[in-house]
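Read through the structure below, which is laid out as structure tokens, and then see the notes.
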Amino acid sequence: MKNAYFPQEIEKKWQKIWEENGTFKTPDESAKPKYYALSMLPYPSGKLHMGHVRNYTITDVIARFKKMNGFNVLHPMGWDSFGLPAENAAMKHGAEPEKWTLENIAYMTKQLKMLGLSYDWDREVTTCLPDYYKWTQWLFLQLYKKGLAYKKSAAVNWCNECGTVLANEQVIDGKCWRCDSVVEKKYLSQWFFKITEYADELLKDLDKLPGWGDNVKTMQANWIGKSEGAIFNFKVVENDMVVPVYTTRPDTVHGITYLVVAPEYKDIEALTTPENKEAVEAYRANARKMTEIERLSNDRVKTGVPLGTHCINPFTGEKFPLWTADYALAEYGTGAVMAVPTHDARDFDFAKKYNLPMKVVIQNAENPSDCNDAAYTEEGVLINSNEFNGMKNTEAKKAITQKAVDEGFGEFKTQYRLRDWLISRQRYWGAPIPVVYCEKCGIQTVPEEQLPVLLPKDVDFSVVGKSPITTSKTFAEATCPCCGGKATRETDTMDTFVCSSWYYMRYADAKNDKAPFSKELINHWLPVDQYVGGIEHAILHLLYSRFFTKALRDLGLLDFDEPFKNLLTQGMVLKDGAKMSKSKGNTVDPDEIFENYGADTARLFILSDSPPARDFDWSDAGVEGCYKFLNRVWRLISSNAENISVSYSLPSSLTKDNDDLVRIVHMAIKGITNDISNDFQFNTVISKYRELVNAIYDWCGKKSQLSDEDKAVLSFAIVSLIKLMSPVAVHLCEEAWTELGGEGSIHAQEWPVWDENLAKASSITLVVQINGKLKDKIEADEALNQDELKELALSSPKVKELTEGKTIVKTIVVPKKLVNIVVK
RNA sequence: GCCCUGGUGGCGGAAUCGGUAGACGCGUCGGACUUAAAAUCCGGUUGGAGUUAAAUCCAGUGCCAGUUCAAGUCUGGCCCAGGGCACCA
């Protein structure tokens, strides 16, 4: 074994050998139980960044740990390779999106291999290739047949910069998730997936996911936004129309003093009197001009205009005016709200501004409010509410709604904030939506046997203001599968999140050309046992994937309810306290780290300083420290190589020094195994590697010549060390294993086991406290009983001195650990 | 405003059940080796008091209370930071 550690040399060597030997291939059939470890697949942007390195290293260590613990581990990798950057690169540099994408994939694949990741590359999935997107299109057709894909005209989010529409989930604070430009509203006919059909199950089944963090689950629950309330129908006085409103406060219905409809409310024109028409039109025109940001801004003063018409409150017979105001949202509930200024903060502000009347209907004796300065939104008892007076408002919600149901002017209603998923994109580089439009037959899906609908090649990427795909001379021409006549092909492509909603299913059966996957294999491998990725997908990708799983289950394609059993959301990689980004200039290039220190150092460091879920601060000194540590490990092994053998046998009785070291090794095995099993605390795992290495060095320092017993103990310690470190320092440990005469790959070895009796020190340290404060420590035999421990503590000179002249009130003995003497 | 997460040395962070606060590392200070440097090795490093040096004592896990023989850990009430949602009726 060489004296010096040359990571670049040994890493290249082993990567080649692993590839040639197929070390990381996963058979579908195995006597071992399955384990599916998955990283979120990357977008091939060009180069790996440190966030990727962190993500994939975490998953890789988990996969290797599970493999050594007897599982048949599926650990695949692929590319989320459709999407706008490829198209933008095509516009800028004239490169074909496909060529640009595949070149990036080739480069990043090389980088992943340099990191020493244990992927089964035979299962690689590339979403932009026809053998994958064929099945994305096929799945679209199945969803369409089931009524879960449909086309409708709606006000949609439009990003001018990207030249396409966006899903609600892709609008962050009124801005585009990708380019950060302000999103506008447009009225367009688009394709949607009916995710709302699963709103309730998506919410309810979060309870089936104890292996997900609460933060992600609450984010999803908030996004789905379930609320329970009622719909009431209000008759219009001036004509025979009815205005339905949704409310979560049916208990306040006797306090209504006006009613508001959104400026985009569908019947607003019919509800406006001729005298008010001009003002209402002007108000609506102004509302249309405003961006989402302006309209949603928090501190904006509420505005509105009266429509001139009136409604009757069916509960009281009272007549009240109708207004339009942009604090009512057209897309939520019915687009109309009943206003109770006394018990709703928004209605209160509006009523104050326009001097609208107020009527208190809920009071709380302990906390009375006249609602002059603010709305009272807490609980209380009903007043001014006819037969409901004196009822608790929580009970009145039900009773009042029931009355509306009985008398035919209302119903109980559950409302969700979640909207259907808009999947059309006016872009080229995506999976074409497999649909044609026939003048005679209307919307027609492309027959399954004609899939895939391939992307055209004769495309001009220099066009502005429209999708490049529309410049193809041939693409739009199609034949109607129904009548055989001329038809026009859909030119929109699918949101890339459609492709990534099922990629983890394809890994189970990546080469299948008859179906997206076989039922047998998908039910064998899925659900994913451990999913690892960034928190930024808490809603987007994770919600869409859950929807896909449930929809495909209902299509009979698979038999499980949730795709990801356990989810680890890793923290960001920071440098100098800020997120690494090109614009800040604080990025670290993984290639440079591989070149200067090797992949094992990079892997060790990225796991070492923070627990996986927390943010990780990159520091050059930290990398250096890890590199030094690996050198130290190398020296420890190489300088002792002639005294170490992988086939050692430990004698049953040992000298004190040797017994101590054996115990330290058992403690390390136990601690490291528990730390990995318990939430993947790799930072403490690594500190335990260091402790073990330090202990072996200390032991070596005490020996000048090694006896046979010493050699066996040293072998035990070193072999255990390289097994324990092998999931992290994958190349170094493989090299050391081979150099020490190990058979096969270290990565195919069994994980070491500890002996509970040896995984502790040979004696205990008795902690002696007086009034709860540490006063003395005594080495003691573990076998001592409580009385003997008490005796021992009281015999301490220190204790004698401190208790002199005082009364011992009480003595608490914690077996094998501590004695606390309470004195006065 | 509502929800989630977190708050421990100069820094990253440790601390199964309530039982030695600060593991391990980074940084830093001192020493050894060397003509010198790098590398490596050894030792100190929460604050304060104390001493030639030690021993030793006091305080200390965001703040204020409480429970307990014993609280970083449990309970109640706050404060701060990060993230998510938000005129959702």
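Letters A, B, ... go to the chains of the structure tokens in the order shown; residues in each chain start at 1; ligands are counted from 1 in the same order.
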Per-residue nearest contacts of chain A to chain B (6 Å; only C-alpha atoms (C1' of nucleotides)) as CSV:
```
residue,atom,partner,partner_atom,distance
A:Asn215,CA,B:C4,C1',4.8
A:Thr247,CA,B:A89,C1',5.6
A:Tyr327,CA,B:C87,C1',4.9
A:Val337,CA,B:A89,C1',5.8
A:Asp609,CA,B:G12,C1',5.6
A:Ser687,CA,B:C24,C1',4.4
A:Gly772,CA,B:A70,C1',5.0
```
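With only C-alpha atoms (C1' of nucleotides) taken into account, the protein and nucleic acid residues at most 12 Å from U45 (chain B) (excluding it and anything under 2 positions from it in its own chain) are G9, G10, G27, U28, C29, G30 and G43 of chain B.
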Handout entry: Residue among A:Phe548, A:Trp79, A:Tyr648, A:Phe497 lying closest to Ala167 (chain A), counting only C-alpha atoms
Key =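 Closest residue, counting only C-alpha atoms: A:Phe497.
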Handout entry: Nearby residues (only C-alpha atoms (C1' of nucleotides)) at most 6 Å from region 507-524 of chain A, same-chain spacing under 4 positions excluded, as a count of residues only
Key = 3
Practice task
Identify all residues of region 52-190 of chain A in alpha helix (DSSP H) (DSSP on the backbone) and supply them as number ranges by chain.
Solution key: A: 52-68, 84-93, 97-114, 130-145
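Atom pair CA of Val799 (chain A) / CA of Ile821 (chain A): separated by 8.9 Å.
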Handout entry: Shortest interatomic distance to C64 (chain B) - which of B:C42, B:A49, B:A37, B:C78, counting only C-alpha atoms (C1' of nucleotides)
Key = B:C78
Please provide the set of residues having any atom within 10 Å of region 695-712 of chain A, restricted to only C-alpha atoms (C1' of nucleotides), with same-chain residues fewer than 5 positions apart removed, written as a compact mmCIF listing (two decimals) with N, CA, C and O atoms, in the first residue's frame.
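Ended up saving to selection08.txt:
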```
# COMPACT_ATOMS: atom_id res chain seq x y z
N ARG A 632 -5.17 11.37 7.09
CA ARG A 632 -4.86 10.78 8.39
C ARG A 632 -5.33 9.32 8.44
O ARG A 632 -4.63 8.45 8.97
N VAL A 633 -6.51 9.08 7.87
CA VAL A 633 -7.04 7.73 7.82
C VAL A 633 -6.12 6.86 6.95
O VAL A 633 -5.77 5.73 7.30
N LEU A 636 -2.96 6.03 8.71
CA LEU A 636 -3.20 5.04 9.76
C LEU A 636 -3.20 3.64 9.16
O LEU A 636 -2.59 2.71 9.72
N ASN A 640 0.29 0.80 8.97
CA ASN A 640 0.10 -0.43 9.73
C ASN A 640 -0.25 -1.63 8.85
O ASN A 640 -0.54 -2.71 9.37
N GLU A 642 1.12 -3.90 7.13
CA GLU A 642 1.71 -5.24 7.25
C GLU A 642 1.22 -5.97 8.51
O GLU A 642 1.37 -7.18 8.63
N ASN A 643 0.61 -5.22 9.44
CA ASN A 643 0.09 -5.85 10.66
C ASN A 643 -1.41 -6.10 10.63
O ASN A 643 -2.00 -6.53 11.62
N ILE A 644 -2.03 -5.75 9.49
CA ILE A 644 -3.49 -5.88 9.42
C ILE A 644 -3.87 -6.95 8.42
O ILE A 644 -3.30 -7.05 7.34
N SER A 645 -4.85 -7.75 8.81
CA SER A 645 -5.37 -8.74 7.89
C SER A 645 -6.88 -8.74 8.00
O SER A 645 -7.44 -8.57 9.09
N VAL A 646 -7.57 -8.92 6.85
CA VAL A 646 -9.03 -8.93 6.93
C VAL A 646 -9.54 -10.22 7.57
O VAL A 646 -10.68 -10.30 8.00
N SER A 647 -8.65 -11.26 7.62
CA SER A 647 -9.10 -12.50 8.26
C SER A 647 -8.42 -12.67 9.61
O SER A 647 -7.54 -13.49 9.77
N TYR A 648 -8.80 -11.85 10.54
CA TYR A 648 -8.27 -11.89 11.90
C TYR A 648 -9.19 -12.74 12.75
O TYR A 648 -10.34 -12.99 12.37
N SER A 649 -8.69 -13.20 13.92
CA SER A 649 -9.66 -13.75 14.87
C SER A 649 -9.29 -13.26 16.26
O SER A 649 -8.13 -13.37 16.70
N LEU A 650 -10.27 -12.69 16.93
CA LEU A 650 -10.03 -12.07 18.23
C LEU A 650 -10.01 -13.13 19.32
O LEU A 650 -10.94 -13.94 19.41
N PRO A 651 -8.95 -13.15 20.16
CA PRO A 651 -8.95 -14.06 21.30
C PRO A 651 -10.06 -13.67 22.28
O PRO A 651 -10.50 -12.52 22.29
N SER A 653 -9.99 -13.59 25.63
CA SER A 653 -9.64 -12.67 26.72
C SER A 653 -8.52 -11.76 26.24
O SER A 653 -7.64 -12.17 25.49
N LEU A 654 -8.64 -10.50 26.67
CA LEU A 654 -7.75 -9.47 26.13
C LEU A 654 -7.08 -8.68 27.24
O LEU A 654 -7.61 -8.60 28.36
N THR A 655 -5.96 -8.07 26.91
CA THR A 655 -5.33 -7.15 27.86
C THR A 655 -6.23 -5.93 27.99
O THR A 655 -7.11 -5.67 27.15
N ASP A 657 -5.71 -2.66 27.58
CA ASP A 657 -5.62 -1.75 26.44
C ASP A 657 -6.43 -2.26 25.27
O ASP A 657 -7.17 -1.52 24.62
N ASN A 658 -6.26 -3.55 24.97
CA ASN A 658 -6.93 -4.13 23.82
C ASN A 658 -8.43 -4.23 24.06
O ASN A 658 -9.22 -3.96 23.15
N ASP A 660 -10.16 -2.21 25.88
CA ASP A 660 -10.68 -0.85 25.74
C ASP A 660 -10.91 -0.50 24.27
O ASP A 660 -11.93 0.08 23.91
N LEU A 661 -9.94 -0.83 23.42
CA LEU A 661 -10.08 -0.49 22.00
C LEU A 661 -11.24 -1.27 21.37
O LEU A 661 -12.03 -0.70 20.61
N VAL A 662 -11.33 -2.53 21.70
CA VAL A 662 -12.44 -3.34 21.17
C VAL A 662 -13.78 -2.72 21.56
O VAL A 662 -14.70 -2.62 20.76
N ILE A 664 -14.33 0.43 22.26
CA ILE A 664 -14.51 1.67 21.50
C ILE A 664 -15.05 1.37 20.10
O ILE A 664 -15.93 2.06 19.59
N VAL A 665 -14.53 0.31 19.47
CA VAL A 665 -15.00 -0.06 18.13
C VAL A 665 -16.48 -0.46 18.20
O VAL A 665 -17.29 -0.01 17.38
N TYR A 689 -16.57 8.83 13.24
CA TYR A 689 -15.41 8.33 12.48
C TYR A 689 -14.13 8.91 13.07
O TYR A 689 -13.14 8.23 13.27
N ARG A 690 -14.19 10.22 13.31
CA ARG A 690 -13.00 10.91 13.81
C ARG A 690 -12.61 10.40 15.19
O ARG A 690 -11.42 10.19 15.48
N ALA A 717 -10.17 -3.38 14.44
CA ALA A 717 -10.49 -1.95 14.49
C ALA A 717 -10.46 -1.34 13.09
O ALA A 717 -11.37 -0.61 12.69
N ILE A 718 -9.41 -1.66 12.32
CA ILE A 718 -9.25 -1.04 11.00
C ILE A 718 -10.30 -1.57 10.02
O ILE A 718 -10.90 -0.80 9.26
N LEU A 721 -13.49 0.03 10.78
CA LEU A 721 -13.44 1.43 10.36
C LEU A 721 -13.72 1.56 8.86
O LEU A 721 -14.53 2.40 8.45
```
Exercise for the section: Record the distance separating CA of Gln415 (chain A) and CA of Lys152 (chain A), expressed in Å with one decimal. Expected result: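 Calculated distance between CA of Gln415 (chain A) and CA of Lys152 (chain A) is 20.7 Å.
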Practice task
For Asn239 (chain A), list every protein, DNA or RNA residue within 9 Å, evaluated using only C-alpha atoms (C1' of nucleotides), and leave out those in the same chain fewer than 6 positions away; present the list as a ChimeraX atom specification.
Solution key: /A:270-271,309
Problem - Surrounding residues of Val819 (chain A) excluding itself and chain neighbours under 4 positions, 12 Å, only C-alpha atoms (C1' of nucleotides), as an NGL selection string - result: (:A and (765-778 or 785-794 or 796 or 799 or 810-815)) or (:B and (19-20 or 69-70))
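Closest to Val453 (chain A) among A:Arg489, A:Lys466, A:Lys151, A:His254 is A:Arg489, based on only C-alpha atoms.
DSSP, applied to the backbone of this structure, assigns strand (DSSP E) to the following residues of region 435-518 of chain A: Val435, Val436, Tyr437, Cys438, Gly442, Ile443, Gln444, Thr445, Glu477, Ala478, Thr479, Lys486, Ala487, Thr488, Arg489, Thr493 and Met494 of chain A.
Relative to CA of Val823 (chain A), CA of Gly805 (chain A) is found at 9.9 Å.
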Handout entry: Distance query U8 (chain B) at most 9 Å, only C-alpha atoms (C1' of nucleotides), self and fewer than 4 positions along chain excluded, as a list of chain:residue names
Key =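 Selected residues are B:A21, B:G22, B:U61, B:G72.
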